[in-house]
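Student: Input file: final-v4.cif. Contents: mmCIF, C-alpha atoms and all ligand atoms.
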```
data_query
loop_
_atom_site.label_atom_id
_atom_site.label_comp_id
_atom_site.auth_asym_id
_atom_site.auth_seq_id
_atom_site.Cartn_x
_atom_site.Cartn_y
_atom_site.Cartn_z
CA MET A 1 39.01 16.64 99.09
CA ALA A 2 35.72 15.06 100.07
CA ARG A 3 32.13 16.00 99.34
CA ILE A 4 30.01 16.09 102.48
CA VAL A 5 26.29 16.69 103.03
CA MET A 6 25.60 18.23 106.45
CA LYS A 7 22.01 18.09 107.75
CA PHE A 8 20.86 20.21 110.68
CA GLY A 9 17.64 19.31 112.53
CA GLY A 10 14.99 21.48 114.15
CA THR A 11 16.55 22.01 117.58
CA SER A 12 19.91 22.64 115.89
CA SER A 13 18.35 25.53 113.95
CA ALA A 14 15.71 26.77 116.37
CA ASN A 15 17.02 30.37 116.67
CA THR A 16 19.75 32.72 115.45
CA ARG A 17 22.25 31.47 118.03
CA ALA A 18 21.75 27.87 116.95
CA LEU A 19 21.96 28.82 113.26
CA ARG A 20 25.29 30.59 113.93
CA LEU A 21 26.56 27.36 115.45
CA CYS A 22 25.50 25.46 112.31
CA ALA A 23 27.37 28.07 110.24
CA LYS A 24 30.47 27.55 112.40
CA HIS A 25 30.43 23.80 111.74
CA ILE A 26 29.99 24.45 108.02
CA ALA A 27 32.94 26.87 107.99
CA GLU A 28 35.13 24.31 109.80
CA GLN A 29 34.21 21.62 107.30
CA LEU A 30 35.07 23.97 104.42
CA LYS A 31 38.47 24.71 105.98
CA THR A 32 39.44 21.06 105.47
CA GLY A 33 39.01 21.68 101.73
CA ASP A 34 35.77 19.71 101.42
CA GLU A 35 32.81 20.63 99.24
CA VAL A 36 29.76 21.15 101.43
CA ALA A 37 26.05 20.87 100.71
CA VAL A 38 23.70 21.57 103.59
CA VAL A 39 20.16 20.37 104.29
CA ILE A 40 18.24 22.38 106.84
CA SER A 41 15.03 21.67 108.78
CA ALA A 42 12.46 24.14 110.04
CA PRO A 43 13.04 25.64 113.51
CA SER A 44 11.79 23.05 116.04
CA GLY A 45 8.06 23.30 116.71
CA MET A 46 7.31 25.31 113.57
CA THR A 47 6.08 22.43 111.38
CA ALA A 48 3.80 21.20 114.19
CA GLU A 49 2.44 24.73 114.65
CA LEU A 50 1.79 25.10 110.90
CA SER A 51 0.06 21.72 110.88
CA LYS A 52 -2.20 22.91 113.71
CA ARG A 53 -3.04 26.07 111.81
CA ILE A 54 -3.97 24.04 108.74
CA SER A 55 -6.24 21.67 110.69
CA GLU A 56 -8.09 24.66 112.16
CA ILE A 57 -9.36 25.47 108.67
CA ASP A 58 -9.18 22.07 106.94
CA GLU A 59 -10.33 19.60 109.57
CA LYS A 60 -10.78 16.72 107.14
CA SER A 61 -7.45 17.25 105.35
CA LYS A 62 -9.12 17.84 101.99
CA HIS A 63 -6.48 20.23 100.67
CA LEU A 64 -3.27 18.29 101.16
CA ASP A 65 -1.59 19.93 98.17
CA GLU A 66 -1.98 23.45 99.54
CA ALA A 67 -1.18 22.20 103.04
CA ASP A 68 2.21 21.09 101.71
CA LEU A 69 3.01 24.63 100.59
CA VAL A 70 2.34 25.85 104.13
CA LEU A 71 4.10 22.95 105.88
CA SER A 72 7.28 23.33 103.86
CA SER A 73 7.67 27.03 104.62
CA GLY A 74 9.65 26.64 107.88
CA GLU A 75 12.54 25.04 106.01
CA GLN A 76 12.54 27.92 103.53
CA ILE A 77 12.86 30.48 106.32
CA ASN A 78 15.82 28.65 107.83
CA ALA A 79 17.59 28.13 104.49
CA GLY A 80 17.51 31.86 103.76
CA LEU A 81 18.61 32.82 107.28
CA LEU A 82 21.51 30.38 107.26
CA VAL A 83 22.75 31.62 103.88
CA ILE A 84 22.66 35.23 105.13
CA ILE A 85 24.77 34.22 108.16
CA LEU A 86 27.26 32.33 105.93
CA ARG A 87 27.59 35.29 103.57
CA GLU A 88 28.10 37.68 106.48
CA MET A 89 30.99 35.41 107.48
CA GLY A 90 32.49 36.01 104.05
CA LEU A 91 31.58 32.62 102.60
CA LYS A 92 30.00 31.98 99.22
CA ALA A 93 26.56 30.41 99.68
CA ARG A 94 23.08 30.23 98.17
CA SER A 95 19.78 28.65 99.13
CA TRP A 96 17.92 25.97 97.17
CA ASN A 97 14.31 25.01 97.66
CA GLY A 98 13.68 21.28 97.21
CA TRP A 99 12.06 22.08 93.86
CA GLN A 100 14.96 24.28 92.73
CA ALA A 101 17.41 21.53 93.65
CA GLY A 102 15.45 19.06 91.52
CA LEU A 103 14.11 16.65 94.13
CA ILE A 104 11.18 15.13 92.19
CA THR A 105 8.55 13.18 94.14
CA ASP A 106 5.26 11.41 93.49
CA ASP A 107 2.04 13.35 94.20
CA ASN A 108 1.22 11.66 97.52
CA HIS A 109 1.00 15.02 99.34
CA GLY A 110 1.97 14.89 103.01
CA LYS A 111 4.06 11.75 102.62
CA ALA A 112 5.52 11.97 99.16
CA ARG A 113 8.26 9.62 98.02
CA LEU A 114 11.28 10.73 96.03
CA ILE A 115 11.43 9.35 92.52
CA GLU A 116 14.27 11.28 90.95
CA ALA A 117 16.99 13.81 91.81
CA ARG A 118 18.02 16.22 89.06
CA THR A 119 20.77 18.00 90.96
CA ASP A 120 23.19 18.98 88.17
CA GLU A 121 22.79 22.71 88.74
CA LEU A 122 23.31 22.39 92.48
CA CYS A 123 26.35 20.22 91.82
CA ASP A 124 27.84 22.93 89.57
CA SER A 125 27.43 25.48 92.36
CA LEU A 126 29.37 23.19 94.74
CA LYS A 127 32.15 22.82 92.19
CA ALA A 128 32.29 26.61 91.95
CA GLY A 129 33.08 26.73 95.67
CA GLU A 130 29.61 27.75 96.87
CA VAL A 131 27.90 26.21 99.90
CA ALA A 132 24.51 24.92 98.69
CA VAL A 133 21.89 25.17 101.44
CA MET A 134 18.83 23.09 100.54
CA THR A 135 15.50 23.02 102.34
CA GLY A 136 14.82 19.60 103.85
CA PHE A 137 11.42 17.88 103.88
CA GLN A 138 10.22 19.23 100.53
CA GLY A 139 10.16 18.18 96.92
CA VAL A 140 8.12 18.84 93.82
CA THR A 141 5.89 16.72 91.58
CA LYS A 142 6.59 16.39 87.86
CA GLU A 143 3.70 18.84 87.42
CA GLY A 144 5.51 21.42 89.55
CA ARG A 145 3.49 21.18 92.78
CA VAL A 146 5.33 21.40 96.11
CA THR A 147 5.22 18.23 98.25
CA THR A 148 6.43 17.23 101.72
CA LEU A 149 8.03 13.93 102.62
CA GLY A 150 6.34 13.18 105.98
CA ARG A 151 7.28 14.32 109.48
CA GLY A 152 10.99 14.03 110.17
CA GLY A 153 11.56 13.91 106.40
CA SER A 154 14.60 16.21 106.27
CA ASP A 155 16.75 13.16 107.02
CA VAL A 156 15.39 11.61 103.82
CA SER A 157 16.17 14.79 101.84
CA ALA A 158 19.73 14.79 103.22
CA VAL A 159 20.48 11.20 102.27
CA ALA A 160 18.80 11.62 98.87
CA LEU A 161 20.93 14.69 98.15
CA ALA A 162 24.07 12.87 99.32
CA VAL A 163 23.29 9.95 97.01
CA ALA A 164 22.50 12.24 94.05
CA LEU A 165 25.72 14.22 94.56
CA ARG A 166 27.74 11.03 95.07
CA ALA A 167 28.90 12.51 98.38
CA ASP A 168 31.46 10.72 100.51
CA ARG A 169 29.31 10.93 103.64
CA CYS A 170 26.10 12.38 105.05
CA ASP A 171 26.45 13.95 108.51
CA ILE A 172 23.23 14.30 110.54
CA TYR A 173 23.66 17.03 113.17
CA THR A 174 21.05 16.81 115.93
CA ASP A 175 20.46 17.56 119.62
CA VAL A 176 22.06 14.38 121.03
CA ALA A 177 25.63 13.03 120.70
CA GLY A 178 24.63 10.19 118.37
CA VAL A 179 22.57 7.02 118.50
CA PHE A 180 22.23 5.65 122.02
CA THR A 181 21.23 2.24 123.40
CA ALA A 182 17.87 3.86 124.32
CA ASP A 183 16.32 7.31 124.02
CA PRO A 184 18.55 9.41 126.31
CA ALA A 185 15.49 11.56 127.11
CA ILE A 186 14.02 8.52 128.94
CA GLU A 187 16.99 6.39 130.00
CA LYS A 188 19.75 8.39 131.67
CA ASN A 189 22.10 5.37 131.61
CA ALA A 190 21.83 4.98 127.84
CA LYS A 191 25.23 4.60 126.18
CA LEU A 192 26.43 6.16 122.94
CA ILE A 193 26.89 3.54 120.21
CA HIS A 194 30.00 4.44 118.20
CA GLU A 195 29.42 2.14 115.25
CA LEU A 196 26.30 0.52 113.83
CA SER A 197 25.59 -1.59 110.79
CA PRO A 198 22.87 -0.22 108.46
CA GLU A 199 20.72 -3.30 109.23
CA GLU A 200 20.76 -2.55 112.96
CA MET A 201 20.06 1.15 112.40
CA LEU A 202 17.19 0.37 110.05
CA GLU A 203 15.59 -1.90 112.63
CA LEU A 204 16.04 0.75 115.37
CA ALA A 205 14.60 3.50 113.17
CA SER A 206 11.68 1.38 111.94
CA SER A 207 10.75 0.51 115.52
CA GLY A 208 10.58 4.11 116.67
CA THR A 209 14.09 5.53 117.21
CA LYS A 210 13.33 8.91 115.73
CA VAL A 211 16.89 10.22 115.66
CA LEU A 212 16.93 9.03 112.01
CA HIS A 213 13.92 8.66 109.71
CA ASN A 214 13.62 5.00 108.67
CA ARG A 215 13.38 5.87 104.98
CA SER A 216 16.66 7.77 105.19
CA VAL A 217 18.35 4.67 106.60
CA GLU A 218 16.73 2.45 103.96
CA LEU A 219 18.11 4.71 101.22
CA ALA A 220 21.56 4.94 102.80
CA MET A 221 21.63 1.16 103.10
CA SER A 222 20.62 0.45 99.53
CA GLU A 223 22.95 3.11 98.11
CA GLN A 224 25.81 2.32 100.51
CA MET A 225 25.99 5.91 101.74
CA PRO A 226 27.88 6.17 105.07
CA LEU A 227 26.02 8.18 107.72
CA ARG A 228 27.26 9.91 110.84
CA VAL A 229 24.96 11.16 113.62
CA LEU A 230 26.43 13.80 115.92
CA SER A 231 25.50 16.72 118.13
CA THR A 232 25.38 20.31 116.87
CA PHE A 233 25.96 21.57 120.38
CA ASN A 234 28.86 19.37 121.39
CA PRO A 235 30.11 17.45 118.37
CA GLY A 236 32.29 14.47 119.19
CA LYS A 237 32.83 11.44 117.01
CA GLY A 238 29.11 10.60 117.08
CA THR A 239 27.80 7.36 115.61
CA ILE A 240 29.01 6.04 112.27
CA ILE A 241 26.56 3.87 110.33
CA ALA A 242 28.18 2.00 107.45
CA GLN A 243 28.54 -1.41 105.86
CA GLY A 244 30.99 -3.78 107.44
CA LEU A 245 31.08 -2.14 110.86
CA GLU A 246 30.94 -3.97 114.14
CA THR A 247 27.54 -5.38 115.00
CA HIS A 248 26.03 -5.98 118.41
CA LEU A 249 24.29 -8.86 120.13
CA VAL A 250 21.71 -6.36 121.36
CA SER A 251 22.07 -2.82 120.06
CA GLY A 252 19.27 -1.03 121.83
CA VAL A 253 15.77 -0.64 123.22
CA THR A 254 13.34 1.48 121.29
CA TYR A 255 9.68 2.47 121.46
CA SER A 256 6.84 3.96 119.48
CA ARG A 257 3.82 5.72 120.93
CA ASP A 258 1.94 5.52 117.68
CA GLU A 259 0.04 2.30 118.48
CA SER A 260 -3.53 1.32 119.27
CA GLN A 261 -5.18 -1.99 120.08
CA ILE A 262 -8.23 -3.85 118.83
CA SER A 263 -9.42 -7.05 120.57
CA LEU A 264 -12.02 -9.38 119.09
CA MET A 265 -13.34 -11.86 121.66
CA GLY A 266 -15.06 -15.11 120.75
CA LEU A 267 -13.96 -15.25 117.13
CA SER A 268 -15.42 -18.20 115.28
CA GLY A 269 -14.26 -20.01 112.17
CA GLY A 270 -10.56 -20.28 113.06
CA ILE A 271 -7.93 -19.29 110.55
CA ASP A 272 -10.42 -18.69 107.70
CA ASN A 273 -12.18 -15.88 109.51
CA MET A 274 -8.91 -14.40 110.74
CA GLN A 275 -7.79 -14.28 107.14
CA LYS A 276 -11.07 -12.53 106.15
CA LEU A 277 -10.49 -9.86 108.80
CA PHE A 278 -6.86 -9.25 107.92
CA SER A 279 -7.47 -9.12 104.19
CA ALA A 280 -10.29 -6.56 104.70
CA LEU A 281 -7.84 -4.41 106.68
CA ALA A 282 -5.04 -4.90 104.16
CA LYS A 283 -7.32 -3.84 101.28
CA LYS A 284 -7.70 -0.46 103.01
CA LYS A 285 -3.91 -0.26 103.53
CA ILE A 286 -4.13 -0.69 107.31
CA ASN A 287 -0.96 -2.31 108.61
CA ILE A 288 -1.13 -4.82 111.43
CA ASP A 289 2.00 -5.25 113.45
CA LEU A 290 1.63 -7.17 116.68
CA VAL A 291 -0.84 -10.03 116.92
CA VAL A 292 -1.84 -12.57 119.53
CA GLN A 293 -4.44 -15.30 119.16
CA SER A 294 -5.53 -17.42 122.11
CA SER A 295 -8.10 -20.16 122.46
CA THR A 296 -11.11 -19.83 124.74
CA ARG A 297 -12.85 -22.47 126.86
CA GLN A 298 -15.18 -23.10 123.94
CA THR A 299 -12.84 -24.99 121.67
CA ASP A 300 -14.23 -23.58 118.43
CA LEU A 301 -13.80 -19.94 119.49
CA SER A 302 -10.68 -17.84 119.96
CA ASN A 303 -9.67 -14.34 121.00
CA LEU A 304 -7.66 -12.11 118.70
CA VAL A 305 -5.68 -9.03 119.72
CA PHE A 306 -3.76 -6.87 117.25
CA ALA A 307 -2.18 -3.44 116.92
CA THR A 308 -2.60 -0.75 114.30
CA SER A 309 -1.10 2.72 114.17
CA ARG A 310 -3.14 5.33 116.03
CA SER A 311 -3.96 7.29 112.92
CA ASP A 312 -5.57 4.15 111.45
CA HIS A 313 -7.48 3.24 114.63
CA GLU A 314 -10.92 4.64 113.74
CA ARG A 315 -10.77 3.31 110.19
CA ALA A 316 -9.75 -0.15 111.43
CA LEU A 317 -12.65 -0.14 113.91
CA ASP A 318 -15.11 0.80 111.14
CA ILE A 319 -13.89 -2.11 109.04
CA VAL A 320 -14.01 -4.84 111.72
CA SER A 321 -17.42 -3.67 112.95
CA SER A 322 -18.92 -3.54 109.44
CA ASP A 323 -22.01 -5.66 108.74
CA VAL A 324 -19.96 -8.24 106.84
CA LEU A 325 -17.38 -8.83 109.57
CA SER A 326 -19.16 -8.10 112.87
CA GLY A 327 -20.94 -11.48 112.79
CA LEU A 328 -17.60 -13.30 113.05
CA TYR A 329 -16.99 -12.54 116.75
CA GLN A 330 -18.91 -11.95 120.00
CA ASN A 331 -17.33 -8.79 121.48
CA LEU A 332 -15.06 -5.99 120.37
CA ASN A 333 -12.82 -3.92 122.68
CA SER A 334 -10.37 -1.23 121.72
CA VAL A 335 -7.76 1.00 123.36
CA LYS A 336 -6.28 3.92 121.50
CA GLU A 337 -3.39 4.83 123.83
CA MET A 338 -1.01 1.92 123.39
CA ALA A 339 2.72 1.79 122.69
CA LYS A 340 5.25 -0.64 121.33
CA VAL A 341 8.54 -1.40 123.04
CA SER A 342 11.22 -3.31 121.14
CA VAL A 343 14.65 -4.77 121.69
CA ILE A 344 16.86 -4.74 118.59
CA GLY A 345 19.96 -6.81 117.92
CA LEU A 346 21.65 -9.07 115.45
CA GLY A 347 22.22 -11.61 118.23
CA LEU A 348 18.52 -12.16 118.76
CA ARG A 349 18.35 -14.63 115.91
CA SER A 350 20.96 -17.01 117.26
CA GLN A 351 21.01 -16.64 121.01
CA SER A 352 18.63 -18.71 123.07
CA GLY A 353 17.31 -17.07 126.21
CA MET A 354 16.83 -13.61 124.63
CA LEU A 355 13.05 -13.99 124.69
CA GLU A 356 13.08 -15.19 128.27
CA ILE A 357 14.99 -12.05 129.37
CA PHE A 358 12.34 -9.97 127.62
CA PHE A 359 9.38 -11.66 129.35
CA ARG A 360 11.07 -11.69 132.76
CA ALA A 361 12.02 -7.99 132.60
CA LEU A 362 8.48 -6.90 131.76
CA ALA A 363 6.90 -9.27 134.31
CA ASP A 364 9.24 -8.09 137.12
CA ALA A 365 8.31 -4.48 136.32
CA ASN A 366 4.58 -5.38 136.40
CA ILE A 367 4.08 -4.37 132.81
CA SER A 368 1.13 -5.97 131.05
CA MET A 369 1.90 -7.24 127.57
CA HIS A 370 -1.08 -7.40 125.18
CA ALA A 371 0.49 -8.76 122.00
CA MET A 372 3.95 -9.40 120.64
CA ALA A 373 6.07 -10.15 117.61
CA THR A 374 9.56 -11.49 117.09
CA SER A 375 11.81 -11.43 114.06
CA GLU A 376 15.45 -12.21 113.45
CA LEU A 377 16.43 -8.74 114.64
CA ARG A 378 13.62 -7.64 116.96
CA ILE A 379 11.40 -8.61 119.88
CA SER A 380 8.43 -6.25 120.32
CA ALA A 381 5.53 -6.04 122.74
CA LEU A 382 2.33 -4.02 122.78
CA ILE A 383 1.89 -2.35 126.17
CA PRO A 384 -0.21 0.49 127.63
CA GLU A 385 1.30 3.85 126.73
CA HIS A 386 1.70 5.03 130.32
CA MET A 387 4.06 2.10 131.00
CA ILE A 388 6.51 2.95 128.22
CA GLU A 389 9.17 4.63 130.35
CA SER A 390 9.30 1.79 132.89
CA ALA A 391 9.41 -0.77 130.08
CA VAL A 392 12.34 0.95 128.32
CA LYS A 393 14.25 1.17 131.62
CA ALA A 394 13.49 -2.44 132.63
CA LEU A 395 14.61 -3.87 129.26
CA HIS A 396 17.67 -1.62 129.05
CA PHE A 397 18.81 -2.93 132.42
CA ALA A 398 17.84 -6.57 131.78
CA TYR A 399 19.93 -6.80 128.60
CA GLY A 400 22.90 -5.16 130.33
CA LEU A 401 22.88 -2.18 127.96
CA ASP A 402 23.79 0.23 130.76
CA LYS A 403 27.13 -1.60 130.99
CA THR A 404 27.89 -1.78 127.27
CA LEU A 405 31.14 -0.11 126.35
CA THR A 406 30.95 0.49 122.63
P1 LIG A 501 16.14 16.58 114.73
O1 LIG A 501 15.27 17.75 115.02
O2 LIG A 501 17.61 16.92 114.81
O3 LIG A 501 15.79 15.88 113.46
P2 LIG A 501 14.79 14.55 116.27
O4 LIG A 501 13.97 15.13 117.38
O5 LIG A 501 14.09 14.09 115.05
O6 LIG A 501 15.96 15.57 115.94
O7 LIG A 501 15.64 13.31 116.82
C1 LIG A 501 16.50 13.48 117.94
C2 LIG A 501 15.83 12.90 119.16
O8 LIG A 501 15.69 11.48 119.02
C3 LIG A 501 16.64 13.06 120.43
O9 LIG A 501 16.38 14.29 121.08
C4 LIG A 501 16.22 11.85 121.28
O10 LIG A 501 15.40 12.19 122.36
C5 LIG A 501 15.45 10.96 120.30
N1 LIG A 501 15.86 9.56 120.37
C6 LIG A 501 15.01 8.51 120.52
N2 LIG A 501 15.69 7.37 120.61
C7 LIG A 501 17.01 7.68 120.50
C8 LIG A 501 18.22 6.90 120.52
N3 LIG A 501 18.20 5.57 120.66
N4 LIG A 501 19.38 7.55 120.39
C9 LIG A 501 19.42 8.89 120.22
N5 LIG A 501 18.32 9.68 120.21
C10 LIG A 501 17.12 9.08 120.34
N1 LIG A 502 10.31 20.14 109.74
C1 LIG A 502 9.86 18.80 109.45
C2 LIG A 502 9.26 18.16 110.71
O1 LIG A 502 9.27 18.78 111.77
C3 LIG A 502 10.91 17.93 108.87
C4 LIG A 502 12.10 17.62 109.77
O2 LIG A 502 12.38 18.35 110.73
O3 LIG A 502 12.79 16.64 109.46
O4 LIG A 502 8.75 17.08 110.63
MG MG A 503 14.42 14.35 112.98
#
```
Show me this structure written as structure tokens.
Ligand code: ADP
Ligand code: ASP
Ligand code: MG
Tutor:
Amino acid sequence: MARIVMKFGGTSSANTRALRLCAKHIAEQLKTGDEVAVVISAPSGMTAELSKRISEIDEKSKHLDEADLVLSSGEQINAGLLVIILREMGLKARSWNGWQAGLITDDNHGKARLIEARTDELCDSLKAGEVAVMTGFQGVTKEGRVTTLGRGGSDVSAVALAVALRADRCDIYTDVAGVFTADPAIEKNAKLIHELSPEEMLELASSGTKVLHNRSVELAMSEQMPLRVLSTFNPGKGTIIAQGLETHLVSGVTYSRDESQISLMGLSGGIDNMQKLFSALAKKKINIDLVVQSSTRQTDLSNLVFATSRSDHERALDIVSSDVLSGLYQNLNSVKEMAKVSVIGLGLRSQSGMLEIFFRALADANISMHAMATSELRISALIPEHMIESAVKALHFAYGLDKTLT
């Protein structure tokens, strides 16, 4: 007998028909004699709609604590509905809000982090043969206030519950057959990857592959919790993510639309002034990802281009154009609608020529690259958002990912 946590995402639980399908998978898992805990998301679109409603009355996000109560309500609706379906099928089941299950978080409302899981009571219900259906995405502070874990956070709840229950595996049911070599919504030739190492999956998720939340992969990696990603609508073997599995030279192409660009032309003072700029941004917790610095014809001046996330764009502009810093450069340009495209693979660190393929693919597709970064596992470029689809396709083809048989 194994203990399995099954997580169902928004599309997988969007309506009664979809919820019945989730219930069918749960019943099948129970038939094998396993103990089953379930983590459920809100019906797709509901969290975004609730967020819109909140911003209509709280434009400046001043009431994040109360917003969390509203935002977390979609999961509660689905948990109750799913339990009713399971009971109607003759199964023993009960719902658990994040706070009832004992998922304790810090008080950073809107993107709270889990600090403790007190799941003894939920565990007892599993041992008594009950299916425990927990709301994803929500937790509670030590003071008893409801929190949410950030968009896409039900994956984090699922892995956290699996770790707390010492489950054998956490299965993430979603609307695609598993993790592909690129987003199948963009690249029709993307191939299903059957096995991935946690390191590869973490790099994919951190660079934008939203099929798994990056914090859920981080947690699974540090706690050695095996994950499986598979489709609710047509479950096959899916993708297994676990230690010691086969790794790939290049595992996939990924992208993020959450980027913006700031360019400072004619920056004086070399590295000292660059350091002043970056430390001012860091003090306000603005992350810089992709950077390029180039010299100008005037030898003592340079140009600096860097990327920040879109939500930080205005704040970053305020900082670099402040009285203290605006004297350091001649001109400032900015573009809000940028994107980041990345190639991920364990082979990138050792194989020469990987960077050349990257440059050639983007150049042949006439894609302008504004900044870039490389690491052992990733090559990324900042490009205009409207070019993202062509960039994903060009790189997917250039690295031969359409031919990979995994
Ligand atoms: P859920 O609601 O189940 O949590 P998400 O919308 O968060 O689902 O994630 C699933 C989506 O992730 C898919 O519909 C797919 O378009 C997208 N996606 C992006 N990149 C990939 C990839 N490399 N492999 C699989 N899916 C991907
Ligand atoms: N419902 C939340 C969201 O849409 C959490 C999730 O689905 O993972 O972001
Ligand atoms: Mg998701």
Student: Produce the centre coordinates and the three edge lengths, each in Å to one decimal, of the box along x, y and z that contains all listed atoms of region 39-58 of chain A with 4 Å added on each side, as AutoDock Vina command-line options.
Tutor:
```
--center_x 5.4 --center_y 23.2 --center_z 110.5 --size_x 37.5 --size_y 13.7 --size_z 20.4
```
Student: Pick from A:Lys403, A:Arg257, A:Lys7, A:His370: nearest to ligand LIG 501 (chain A), with all atoms listed in the file counted?
Tutor: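 Of A:Lys403, A:Arg257, A:Lys7, A:His370, the one nearest ligand LIG 501 (chain A) is A:Lys7, counting all atoms listed in the file.
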Student: What is the distance between CA of Glu356 (chain A) and CA of Ala381 (chain A), in Å to one decimal?
Tutor: 13.1 Å
Student: Please produce, as CSV, a per-residue contact table for chain A versus ligand LIG 501 (chain A) (criterion: any atom at most 7 Å away, all atoms listed in the file considered), showing the nearest atom pair and its distance in Å to one decimal, sorted by chain then residue number.
Tutor:
```
residue,atom,partner,partner_atom,distance
A:Phe8,CA,A:LIG501,O2,6.2
A:Gly9,CA,A:LIG501,O2,3.3
A:Gly10,CA,A:LIG501,O1,3.8
A:Thr11,CA,A:LIG501,O1,5.1
A:Ser12,CA,A:LIG501,O2,6.3
A:Ser44,CA,A:LIG501,O1,6.4
A:Gly152,CA,A:LIG501,O5,5.8
A:Tyr173,CA,A:LIG501,O2,6.3
A:Thr174,CA,A:LIG501,O2,3.6
A:Asp175,CA,A:LIG501,O9,5.4
A:Val176,CA,A:LIG501,C3,5.6
A:Gly178,CA,A:LIG501,C9,5.7
A:Val179,CA,A:LIG501,N4,3.7
A:Phe180,CA,A:LIG501,N4,3.8
A:Thr181,CA,A:LIG501,N3,5.3
A:Ala182,CA,A:LIG501,N3,4.1
A:Asp183,CA,A:LIG501,N2,3.5
A:Pro184,CA,A:LIG501,O10,5.8
A:Ala185,CA,A:LIG501,O10,4.8
A:Thr209,CA,A:LIG501,N2,4.2
A:Lys210,CA,A:LIG501,O8,4.8
A:Val211,CA,A:LIG501,O7,3.5
A:Leu212,CA,A:LIG501,O5,6.6
A:Gly252,CA,A:LIG501,N3,6.8
A:Thr254,CA,A:LIG501,N2,6.4
```
Student: Between A:Gly153, A:Pro198, A:Gly139, A:Gly327, which is the closest to ligand MG 503 (chain A) once you count all atoms listed in the file?
Tutor: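 The closest residue to ligand MG 503 (chain A) is A:Gly153.
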Student: Excluding same-chain residues fewer than 3 positions from Ser72 (chain A), what lies within 9 Å of it counting only C-alpha atoms, as a PyMOL selection string?
Tutor: chain A and resi 42+47+67-69+75-76+135-138+146-148
Student: To one decimal place, how far is CA of Glu35 (chain A) from CA of Arg3 (chain A) in Å?
Tutor: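 Calculated distance between CA of Glu35 (chain A) and CA of Arg3 (chain A) is 4.7 Å.
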